[in-house]
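Peer 1: I'm passing along model32.txt; it holds compact mmCIF, N, CA and C atoms.
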# COMPACT_ATOMS: atom_id res chain seq x y z
N ASP A 1 -213.11 -84.71 86.96
CA ASP A 1 -211.81 -84.96 86.37
C ASP A 1 -211.05 -86.01 87.18
N ASN A 2 -210.40 -86.91 86.47
CA ASN A 2 -209.61 -87.94 87.13
C ASN A 2 -208.28 -87.39 87.63
N ALA A 3 -207.79 -86.28 87.05
CA ALA A 3 -206.53 -85.69 87.46
C ALA A 3 -206.60 -85.16 88.87
N VAL A 4 -207.76 -84.71 89.29
CA VAL A 4 -207.94 -84.16 90.63
C VAL A 4 -207.94 -85.29 91.64
N PHE A 5 -208.49 -86.42 91.30
CA PHE A 5 -208.61 -87.54 92.23
C PHE A 5 -207.53 -88.60 92.00
N ARG A 6 -206.41 -88.18 91.64
CA ARG A 6 -205.32 -89.11 91.36
C ARG A 6 -204.93 -89.81 92.65
N GLU A 7 -204.46 -91.04 92.51
CA GLU A 7 -204.12 -91.85 93.66
C GLU A 7 -202.77 -91.40 94.22
N PHE A 8 -202.65 -91.25 95.54
CA PHE A 8 -201.44 -90.80 96.21
C PHE A 8 -200.72 -92.00 96.78
N ASN A 9 -199.46 -92.21 96.37
CA ASN A 9 -198.67 -93.32 96.85
C ASN A 9 -197.43 -92.75 97.55
N PRO A 10 -197.39 -92.76 98.88
CA PRO A 10 -196.27 -92.16 99.62
C PRO A 10 -194.93 -92.87 99.33
N ARG A 11 -194.95 -94.16 99.13
CA ARG A 11 -193.72 -94.90 98.84
C ARG A 11 -193.13 -94.44 97.50
N GLN A 12 -193.98 -94.29 96.53
CA GLN A 12 -193.52 -93.85 95.21
C GLN A 12 -192.97 -92.41 95.29
N GLN A 13 -193.63 -91.59 96.10
CA GLN A 13 -193.15 -90.22 96.26
C GLN A 13 -191.78 -90.19 96.94
N LEU A 14 -191.55 -91.02 97.98
CA LEU A 14 -190.26 -91.10 98.65
C LEU A 14 -189.17 -91.58 97.69
N GLU A 15 -189.49 -92.58 96.88
CA GLU A 15 -188.52 -93.09 95.91
C GLU A 15 -188.15 -92.00 94.90
N GLU A 16 -189.13 -91.25 94.48
CA GLU A 16 -188.88 -90.15 93.53
C GLU A 16 -188.01 -89.07 94.17
N GLU A 17 -188.29 -88.72 95.43
CA GLU A 17 -187.49 -87.73 96.14
C GLU A 17 -186.05 -88.21 96.32
N GLU A 18 -185.88 -89.50 96.65
CA GLU A 18 -184.54 -90.07 96.81
C GLU A 18 -183.78 -90.03 95.49
N ARG A 19 -184.46 -90.34 94.41
CA ARG A 19 -183.82 -90.32 93.10
C ARG A 19 -183.39 -88.89 92.75
N LEU A 20 -184.27 -87.92 92.98
CA LEU A 20 -183.93 -86.52 92.70
C LEU A 20 -182.77 -86.04 93.58
N HIS A 21 -182.84 -86.45 94.87
CA HIS A 21 -181.77 -86.07 95.79
C HIS A 21 -180.44 -86.68 95.34
N GLY A 22 -180.44 -87.94 94.96
CA GLY A 22 -179.22 -88.60 94.48
C GLY A 22 -178.67 -87.91 93.24
N ALA A 23 -179.54 -87.53 92.32
CA ALA A 23 -179.11 -86.83 91.11
C ALA A 23 -178.50 -85.48 91.47
N LYS A 24 -179.16 -84.77 92.40
CA LYS A 24 -178.66 -83.46 92.83
C LYS A 24 -177.29 -83.60 93.50
N MET A 25 -177.14 -84.61 94.37
CA MET A 25 -175.87 -84.82 95.06
C MET A 25 -174.77 -85.22 94.07
N GLY A 26 -175.09 -86.03 93.10
CA GLY A 26 -174.12 -86.41 92.07
C GLY A 26 -173.65 -85.20 91.29
N LYS A 27 -174.59 -84.32 90.96
CA LYS A 27 -174.25 -83.10 90.22
C LYS A 27 -173.34 -82.21 91.07
N LEU A 28 -173.68 -82.04 92.35
CA LEU A 28 -172.86 -81.22 93.25
C LEU A 28 -171.46 -81.82 93.40
N GLU A 29 -171.39 -83.14 93.53
CA GLU A 29 -170.10 -83.81 93.67
C GLU A 29 -169.24 -83.59 92.42
N ALA A 30 -169.86 -83.70 91.26
CA ALA A 30 -169.12 -83.49 90.01
C ALA A 30 -168.63 -82.04 89.92
N GLU A 31 -169.46 -81.08 90.32
CA GLU A 31 -169.05 -79.67 90.30
C GLU A 31 -167.90 -79.43 91.27
N MET A 32 -167.98 -80.03 92.46
CA MET A 32 -166.92 -79.87 93.45
C MET A 32 -165.62 -80.49 92.95
N ALA A 33 -165.71 -81.64 92.30
CA ALA A 33 -164.51 -82.29 91.76
C ALA A 33 -163.88 -81.41 90.67
N ALA A 34 -164.72 -80.80 89.85
CA ALA A 34 -164.21 -79.93 88.79
C ALA A 34 -163.52 -78.71 89.38
N VAL A 35 -164.11 -78.11 90.42
CA VAL A 35 -163.50 -76.95 91.08
C VAL A 35 -162.18 -77.36 91.73
N PHE A 36 -162.17 -78.53 92.35
CA PHE A 36 -160.95 -79.03 92.98
C PHE A 36 -159.84 -79.21 91.95
N ARG A 37 -160.16 -79.84 90.82
CA ARG A 37 -159.16 -80.04 89.76
C ARG A 37 -158.64 -78.69 89.25
N GLN A 38 -159.55 -77.72 89.10
CA GLN A 38 -159.15 -76.40 88.62
C GLN A 38 -158.18 -75.74 89.61
N LYS A 39 -158.51 -75.82 90.90
CA LYS A 39 -157.63 -75.22 91.91
C LYS A 39 -156.29 -75.92 91.97
N VAL A 40 -156.29 -77.24 91.82
CA VAL A 40 -155.03 -77.98 91.81
C VAL A 40 -154.18 -77.53 90.62
N GLN A 41 -154.80 -77.37 89.46
CA GLN A 41 -154.06 -76.93 88.28
C GLN A 41 -153.50 -75.53 88.49
N GLU A 42 -154.29 -74.65 89.12
CA GLU A 42 -153.80 -73.29 89.39
C GLU A 42 -152.60 -73.32 90.33
N LYS A 43 -152.70 -74.13 91.39
CA LYS A 43 -151.60 -74.23 92.36
C LYS A 43 -150.36 -74.81 91.69
N GLU A 44 -150.53 -75.84 90.87
CA GLU A 44 -149.39 -76.42 90.16
C GLU A 44 -148.75 -75.39 89.23
N GLY A 45 -149.58 -74.60 88.58
CA GLY A 45 -149.06 -73.54 87.70
C GLY A 45 -148.25 -72.52 88.49
N LYS A 46 -148.78 -72.11 89.65
CA LYS A 46 -148.06 -71.15 90.49
C LYS A 46 -146.74 -71.74 90.98
N LEU A 47 -146.78 -73.01 91.39
CA LEU A 47 -145.56 -73.65 91.86
C LEU A 47 -144.53 -73.77 90.75
N LYS A 48 -144.98 -74.11 89.56
CA LYS A 48 -144.06 -74.22 88.43
C LYS A 48 -143.45 -72.86 88.11
N GLN A 49 -144.28 -71.82 88.12
CA GLN A 49 -143.78 -70.47 87.86
C GLN A 49 -142.77 -70.06 88.93
N SER A 50 -143.08 -70.35 90.18
CA SER A 50 -142.18 -70.03 91.28
C SER A 50 -140.86 -70.78 91.13
N GLU A 51 -140.95 -72.05 90.75
CA GLU A 51 -139.74 -72.85 90.55
C GLU A 51 -138.89 -72.26 89.42
N GLU A 52 -139.53 -71.84 88.35
CA GLU A 52 -138.80 -71.23 87.24
C GLU A 52 -138.14 -69.93 87.66
N GLU A 53 -138.85 -69.12 88.45
CA GLU A 53 -138.28 -67.87 88.94
C GLU A 53 -137.08 -68.13 89.83
N LEU A 54 -137.19 -69.13 90.72
CA LEU A 54 -136.07 -69.47 91.59
C LEU A 54 -134.87 -69.97 90.79
N HIS A 55 -135.14 -70.78 89.79
CA HIS A 55 -134.06 -71.29 88.95
C HIS A 55 -133.39 -70.13 88.21
N SER A 56 -134.19 -69.21 87.70
CA SER A 56 -133.65 -68.06 86.99
C SER A 56 -132.80 -67.20 87.92
N ARG A 57 -133.31 -66.96 89.13
CA ARG A 57 -132.56 -66.16 90.10
C ARG A 57 -131.26 -66.87 90.47
N HIS A 58 -131.32 -68.18 90.63
CA HIS A 58 -130.12 -68.96 90.95
C HIS A 58 -129.08 -68.81 89.83
N GLN A 59 -129.53 -68.91 88.58
CA GLN A 59 -128.61 -68.78 87.46
C GLN A 59 -128.00 -67.38 87.41
N GLN A 60 -128.82 -66.36 87.70
CA GLN A 60 -128.30 -64.99 87.70
C GLN A 60 -127.24 -64.80 88.79
N MET A 61 -127.55 -65.30 89.99
CA MET A 61 -126.60 -65.17 91.09
C MET A 61 -125.32 -65.94 90.78
N LYS A 62 -125.46 -67.10 90.18
CA LYS A 62 -124.30 -67.90 89.81
C LYS A 62 -123.44 -67.14 88.80
N ALA A 63 -124.08 -66.50 87.83
CA ALA A 63 -123.34 -65.73 86.83
C ALA A 63 -122.63 -64.54 87.47
N VAL A 64 -123.31 -63.85 88.40
CA VAL A 64 -122.70 -62.70 89.08
C VAL A 64 -121.49 -63.15 89.89
N LEU A 65 -121.64 -64.26 90.61
CA LEU A 65 -120.52 -64.75 91.42
C LEU A 65 -119.36 -65.20 90.55
N GLU A 66 -119.65 -65.84 89.44
CA GLU A 66 -118.60 -66.26 88.51
C GLU A 66 -117.88 -65.04 87.94
N LYS A 67 -118.63 -63.99 87.61
CA LYS A 67 -118.04 -62.76 87.10
C LYS A 67 -117.13 -62.13 88.16
N GLN A 68 -117.59 -62.11 89.41
CA GLN A 68 -116.78 -61.56 90.50
C GLN A 68 -115.51 -62.38 90.70
N ARG A 69 -115.65 -63.70 90.60
CA ARG A 69 -114.49 -64.56 90.76
C ARG A 69 -113.45 -64.27 89.68
N ILE A 70 -113.91 -64.14 88.45
CA ILE A 70 -113.00 -63.85 87.33
C ILE A 70 -112.34 -62.48 87.52
N GLU A 71 -113.12 -61.48 87.94
CA GLU A 71 -112.57 -60.15 88.17
C GLU A 71 -111.51 -60.18 89.26
N LEU A 72 -111.79 -60.94 90.33
CA LEU A 72 -110.82 -61.02 91.42
C LEU A 72 -109.54 -61.73 90.97
N GLU A 73 -109.68 -62.76 90.18
CA GLU A 73 -108.49 -63.44 89.68
C GLU A 73 -107.70 -62.53 88.74
N ASP A 74 -108.39 -61.74 87.93
CA ASP A 74 -107.71 -60.78 87.06
C ASP A 74 -106.94 -59.75 87.90
N LYS A 75 -107.58 -59.25 88.96
CA LYS A 75 -106.91 -58.29 89.84
C LYS A 75 -105.67 -58.91 90.47
N ARG A 76 -105.82 -60.15 90.91
CA ARG A 76 -104.70 -60.85 91.53
C ARG A 76 -103.56 -61.01 90.52
N ASN A 77 -103.89 -61.36 89.31
CA ASN A 77 -102.85 -61.51 88.29
C ASN A 77 -102.20 -60.18 87.94
N ARG A 78 -102.98 -59.10 87.91
CA ARG A 78 -102.43 -57.78 87.60
C ARG A 78 -101.50 -57.28 88.70
N VAL A 79 -101.89 -57.52 89.94
CA VAL A 79 -101.08 -57.06 91.06
C VAL A 79 -99.77 -57.84 91.09
N GLY A 80 -99.83 -59.11 90.77
CA GLY A 80 -98.62 -59.91 90.73
C GLY A 80 -98.28 -60.48 92.09
N ASN A 81 -97.10 -61.01 92.17
CA ASN A 81 -96.67 -61.66 93.40
C ASN A 81 -95.89 -60.72 94.31
N ASN A 82 -95.81 -59.44 93.97
CA ASN A 82 -95.05 -58.47 94.78
C ASN A 82 -95.71 -58.22 96.13
N GLN A 83 -97.02 -58.26 96.17
CA GLN A 83 -97.74 -58.00 97.42
C GLN A 83 -98.26 -59.32 97.96
N PRO A 84 -98.44 -59.41 99.26
CA PRO A 84 -98.98 -60.65 99.82
C PRO A 84 -100.42 -60.89 99.33
N GLN A 85 -100.82 -62.11 99.40
CA GLN A 85 -102.14 -62.46 98.89
C GLN A 85 -103.28 -61.95 99.77
N ASN A 86 -102.96 -61.38 100.92
CA ASN A 86 -104.01 -60.82 101.76
C ASN A 86 -104.80 -59.73 101.06
N THR A 87 -104.14 -59.01 100.15
CA THR A 87 -104.86 -57.95 99.44
C THR A 87 -105.97 -58.54 98.58
N SER A 88 -105.70 -59.69 97.96
CA SER A 88 -106.76 -60.31 97.17
C SER A 88 -107.86 -60.82 98.08
N MET A 89 -107.46 -61.28 99.27
CA MET A 89 -108.47 -61.71 100.22
C MET A 89 -109.28 -60.51 100.71
N ASP A 90 -108.61 -59.37 100.91
CA ASP A 90 -109.32 -58.17 101.31
C ASP A 90 -110.29 -57.73 100.22
N ALA A 91 -109.87 -57.85 98.97
CA ALA A 91 -110.75 -57.50 97.85
C ALA A 91 -111.95 -58.44 97.82
N ALA A 92 -111.70 -59.71 98.07
CA ALA A 92 -112.80 -60.68 98.10
C ALA A 92 -113.74 -60.37 99.26
N ALA A 93 -113.16 -60.04 100.41
CA ALA A 93 -113.97 -59.70 101.57
C ALA A 93 -114.78 -58.43 101.30
N ALA A 94 -114.17 -57.46 100.63
CA ALA A 94 -114.87 -56.22 100.29
C ALA A 94 -116.00 -56.50 99.32
N ALA A 95 -115.77 -57.42 98.36
CA ALA A 95 -116.83 -57.77 97.41
C ALA A 95 -117.99 -58.44 98.12
N VAL A 96 -117.68 -59.33 99.05
CA VAL A 96 -118.75 -60.00 99.81
C VAL A 96 -119.48 -58.98 100.67
N LEU A 97 -118.72 -58.07 101.31
CA LEU A 97 -119.34 -57.04 102.14
C LEU A 97 -120.26 -56.16 101.31
N ALA A 98 -119.82 -55.78 100.11
CA ALA A 98 -120.64 -54.93 99.24
C ALA A 98 -121.88 -55.67 98.78
N HIS A 99 -121.75 -56.96 98.54
CA HIS A 99 -122.88 -57.75 98.01
C HIS A 99 -123.88 -58.10 99.10
N THR A 100 -123.39 -58.52 100.28
CA THR A 100 -124.30 -59.00 101.32
C THR A 100 -124.55 -57.98 102.41
N GLY A 101 -123.62 -57.06 102.62
CA GLY A 101 -123.78 -56.08 103.68
C GLY A 101 -123.26 -56.59 105.01
N GLU A 102 -122.67 -57.80 105.03
CA GLU A 102 -122.13 -58.35 106.26
C GLU A 102 -120.65 -58.59 106.10
N PRO A 103 -119.84 -58.25 107.11
CA PRO A 103 -118.40 -58.48 107.00
C PRO A 103 -118.08 -59.97 107.02
N VAL A 104 -116.94 -60.29 106.44
CA VAL A 104 -116.50 -61.68 106.36
C VAL A 104 -115.68 -62.00 107.60
N GLN A 105 -115.95 -63.14 108.22
CA GLN A 105 -115.15 -63.61 109.34
C GLN A 105 -113.98 -64.40 108.78
N ARG A 106 -112.77 -63.94 109.05
CA ARG A 106 -111.61 -64.63 108.50
C ARG A 106 -110.91 -65.42 109.58
N MET A 107 -110.29 -66.49 109.15
CA MET A 107 -109.45 -67.29 110.03
C MET A 107 -108.10 -66.59 110.12
N PRO A 108 -107.41 -66.73 111.23
CA PRO A 108 -106.07 -66.11 111.31
C PRO A 108 -105.15 -66.78 110.29
N SER A 109 -104.31 -65.96 109.68
CA SER A 109 -103.42 -66.51 108.66
C SER A 109 -102.29 -67.28 109.34
N LYS A 110 -101.62 -68.11 108.57
CA LYS A 110 -100.54 -68.93 109.11
C LYS A 110 -99.34 -68.07 109.48
N ASP A 111 -99.18 -66.94 108.78
CA ASP A 111 -98.04 -66.07 109.04
C ASP A 111 -98.15 -65.39 110.40
N LYS A 112 -99.36 -65.17 110.86
CA LYS A 112 -99.57 -64.42 112.08
C LYS A 112 -99.89 -65.32 113.27
N LYS A 113 -99.41 -66.55 113.25
CA LYS A 113 -99.67 -67.46 114.37
C LYS A 113 -99.01 -66.92 115.64
N LYS A 114 -99.63 -67.20 116.74
CA LYS A 114 -99.02 -66.83 118.01
C LYS A 114 -97.83 -67.76 118.25
N ARG A 115 -96.79 -67.19 118.67
CA ARG A 115 -95.58 -67.98 118.92
C ARG A 115 -95.65 -68.54 120.34
N GLY A 116 -95.16 -69.76 120.49
CA GLY A 116 -95.15 -70.41 121.81
C GLY A 116 -93.96 -69.95 122.65
N PHE A 117 -93.80 -70.53 123.79
CA PHE A 117 -92.69 -70.18 124.66
C PHE A 117 -91.37 -70.69 124.14
N PHE A 118 -91.38 -71.76 123.36
CA PHE A 118 -90.13 -72.38 122.93
C PHE A 118 -89.84 -72.15 121.51
Would you put the structure from the file into structure tokens?
Peer 2:
Amino acid sequence: DNAVFREFNPRQQLEEEERLHGAKMGKLEAEMAAVFRQKVQEKEGKLKQSEEELHSRHQQMKAVLEKQRIELEDKRNRVGNNQPQNTSMDAAAAAVLAHTGEPVQRMPSKDKKKRGFF
């Protein structure tokens, strides 16, 4: 049989191996690029979702603060000018304390300034 005594050409075999290796590497590179694109899309989706959640939370907090502001102004209007405005400031400080859990640092009022020697 001539198939058994076929001629062996090492150069041709190396070229064939290089071609197969190149094809295999190209396939692996394409697969890696596809996985990379998929992961990038997933990360972008997560970031977009996170951004939407943050925006939603911001809007909710803004609405809550606006509601508190309106309530405080209503209280101030109901109390009238008979009492000093410190009570409205105390109510605002109490609202902040209830919301954040931290007391408000206030500046000394103009009425309670320390008097000088003269």
Peer 1: Could you check how far atom CA of A:Met61 sits from atom CA of A:His99, in Å to one decimal?
Peer 2: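 The value is 10.8 Å.
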Peer 1: Rounded to one decimal place, report the atom N of A:Gln68-atom CA of A:Ala95 distance in Å.
Peer 2: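 Atom-to-atom, atom N of A:Gln68 to atom CA of A:Ala95, that is 9.1 Å.
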Peer 1: Using Å and a single decimal, report how far atom C of A:Glu29 sits from atom N of A:Leu14.
Peer 2: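 Spanning atom N of A:Leu14 to atom C of A:Glu29 is a straight-line distance of 24.2 Å.
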Peer 1: Work out where the centre of an axis-aligned box around every listed atom of stretch 48-56 of chain A lies and how long its edges are once 8 Å is added on each side; give both in Å to one decimal as AutoDock Vina command-line options.
Peer 2:
--center_x -138.9 --center_y -70.7 --center_z 89.3 --size_x 28.2 --size_y 23.0 --size_z 20.6
